[in-house]
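Trainee: Here it is, the structure in full.
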Amino acid sequence: AQSVTQPDIHITVSEGASLELRCNYSYGATPYLFWYVQSPGQGLQLLLKYFSGDTLVQGIKGFEAEFKRSQSSFNLRKPSVHWSDAAEYFCAVATNRDDKIIFGKGTRLHILP
Amino acid sequence: EPEVTQTPSHQVTQMGQEVILRCVPISNHLYFYWYRQILGQKVEFLVSFYNNEISEKSEIFDDQFSVERPDGSNFTLKIRSTKLEDSAMYFCASSEAGGGIGYTFGSGTRLTVV
């Protein structure tokens, strides 16, 4: 069965610093991969998704993610974080045939002023 | 941009009561889903629904849960006899095709069982 691992529960970075959130997945074929962001008490906002093609995916709010098949990873990056980026970030995977999305446990991002 | 609408945004119910959570998916979407997020935990798949029947359900989705598309626009999740551990945020989602393509989540209903 497919699964998603986000090894970092909490990450703290200073405002203006670069960010990388790690995500590893387990699935035998090429998955569909997603990053969602959730502010406290709010819903899920899609940042970006990878289905096929270029392995570097651009998303909203200046985020990007790179699909690395050899490492089964889909890490999220941002060159310079803003205080408003403080939130919970979820990596997720879907398969070609199943129509459910499997979420990781999330990484909570804290921003230092 | 089309949205998935969920009502109510917050519902408080007494243990043992039935509760119905409502969702209006995007009009041309064919696949419908419910997910649950217990406070501070990850989002978990509950059930998917296509062509007026359940296409997949998780272990969480036991006999206390049911889904329905009563009138061609609404998509509901019913919990027959709520328990304290049913307290969670419930997200509805819809998509144009299976595999997570074009997935759109609603803003959620926070269910509190007291």
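Order determines the names: the first chain of the structure tokens is A, the second B, and so forth; residues in each chain are numbered 1 upward, and ligands are numbered 1 upward as they are shown.
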Given a cut-off of 12 Å, which residues of chain B touch chain A, counting only C-alpha atoms, written out as a ChimeraX atom specification?
Mentor: /B:3-6,9-10,30-50,54-58,88-110
Trainee: Got a sec to tell me which of segment 36-105 of chain B DSSP assigns to strand (DSSP E or B), as a PyMOL selection string?
Mentor: chain B and resi 36-37+43-50+53-57+65-68+75-79+88-95+104-105
Trainee: One decimal, Å: what's the distance from atom CA of Cys23 of chain B over to atom CA of Ala87 of chain A, could you say?
Mentor: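 Those two atoms sit 25.2 Å apart.
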